[in-house]
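Q: First the structure, which I've put down as structure tokens, then a few questions once you've had a look.
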Amino acid sequence: MESPFFPIGLREVPANVRIEELKEMSFNIGPVRVQAAFANHPGICVGYRLFASDGSIAFFPDNEPHPESVSPARPSSGAESPAKSYAQNENGKLIDFLRGTDVLIMDTQYDTDEYKRHTGWGHGCLDDVVALALRAEVKTLFLFHHDPRPRRRQSLPNAGPRPKAGCHAQRQNSTSRQPREGAAVELPALVRA
């Protein structure tokens with residue numbers, strides 16, 4: 001049990017796993033153009049954006065927006081520090097990468113209170129993820145994180161209208177949704193919506 005395969009080793013995964021090292025940050029799979037971008041997560045982690053004829057979808061299963069640079073709810077000390085400048089620059093790169101994507105599926109493991117105890121763990125805070133999606137002009141945001149604890153499986157869907165309220169308060173043409181296991185989402189339907 002070690003990084004990057006924590007919490008379980010590959011031998012414990014009940015599947016036939018084949019790993020192919022990512023050598024390029026941009027490539028094609030048939031007619032789909034794929035771009036990768038580094039995520040903020042311990043160890044090396046990337047997210048992907050897939051471009052198809054009907055639109056684009058981005059998937060960041062493990063990402064923590066850099067603190068103190070995205071959410072307007074975060075108080076600012078007013079002083080520019082090298083760390084804050086770095087955080088703003090890194091989030092700016094991610095916002096540019098995601099700009100205008102039709103569907104974003106992003107790690108949103110924590111609410112604001114939980115995040116205070118888990119800063120730096122590499123997983124998103126609800127307020128920061130919504131703020132990042134709004135700044136990137138994402139059309140549909142799916143709040144996601146796999147956490148096998150029963151309480152967590154139930155609490156993320158109960159985030160309720162809060163993310164949508166954030167979208168409306170910013171007067172953006174964005175929406176957020178709670179994914180569910182086994183659901184299918186058709187990109188053309190979301191692009192037309």
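Convention: chains lettered A, B, ... in structure tokens order; per-chain residue numbering from 1; ligands numbered from 1 as shown.
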Quick one: everything within 12 Å of Glu21 (chain A), counting only C-alpha atoms, minus sequence neighbours fewer than 4 positions away in the same chain. Send it as number ranges by chain.
A: A: 25, 44, 46
Q: Excluding region 86-103 of chain A and any residue of its chain fewer than 6 positions from it, enumerate the residues within 8 Å of it, using only C-alpha atoms, and give them as a list in words.
A: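 Skipping anything fewer than 6 positions along the chain leaves Ala37, Arg49, Gly55, Ser56, Ile57, Ala58, Pro65, His66, Pro67, Glu68, Ser69, Val70, Leu132, Ala133, Arg135, Ala136, Glu137, Val138, Lys139, Thr140, Leu141, Phe142, Leu187, Leu190 and Val191 of chain A.
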Q: May I ask for the distance between CA of Gln35 (chain A) and CA of Asp128 (chain A), given in Å to one decimal place?
A: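 The value is 22.9 Å.
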Q: CA of Tyr110 (chain A) to CA of Glu64 (chain A): how many Å, to one decimal?
A: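 So the two atoms, CA of Tyr110 (chain A) and CA of Glu64 (chain A), lie 10.1 Å apart.
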Q: Would you give me, as a PyMOL selection string, the residues in region 98-133 of chain A that DSSP reads as strand (DSSP E or B)?
A: chain A and resi 103-107+110+125
Q: Figure out the distance between CA of Gly47 (chain A) and CA of Arg11 (chain A), please, to one decimal in Å.
A: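 Result for CA of Arg11 (chain A) versus CA of Gly47 (chain A): 23.9 Å, one decimal.
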Q: Go through A:Pro61, A:Pro82, A:Gly120, A:Pro14 one by one, measure the shortest atom-to-atom distance of each to Asp107 (chain A) using only C-alpha atoms, and give the residue with the smallest value.
A: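 Of A:Pro61, A:Pro82, A:Gly120, A:Pro14, the one nearest Asp107 (chain A) is A:Pro61, counting only C-alpha atoms.
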Q: Rank nothing, just name the residue among A:Ala36, A:Phe60, A:His145, A:Thr112 nearest to Lys23 (chain A), using only C-alpha atoms.
A: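 Comparing A:Ala36, A:Phe60, A:His145, A:Thr112 against Lys23 (chain A), the winner is A:Ala36.
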Q: Residues at most 10 Å from Ser53 (chain A), counting only C-alpha atoms, excluding those fewer than 5 positions away in the same chain, as a list of chain:residue names?
A: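 Non-adjacent residues within range: A:Pro31, A:Val32, A:Arg33, A:Leu187, A:Pro188.
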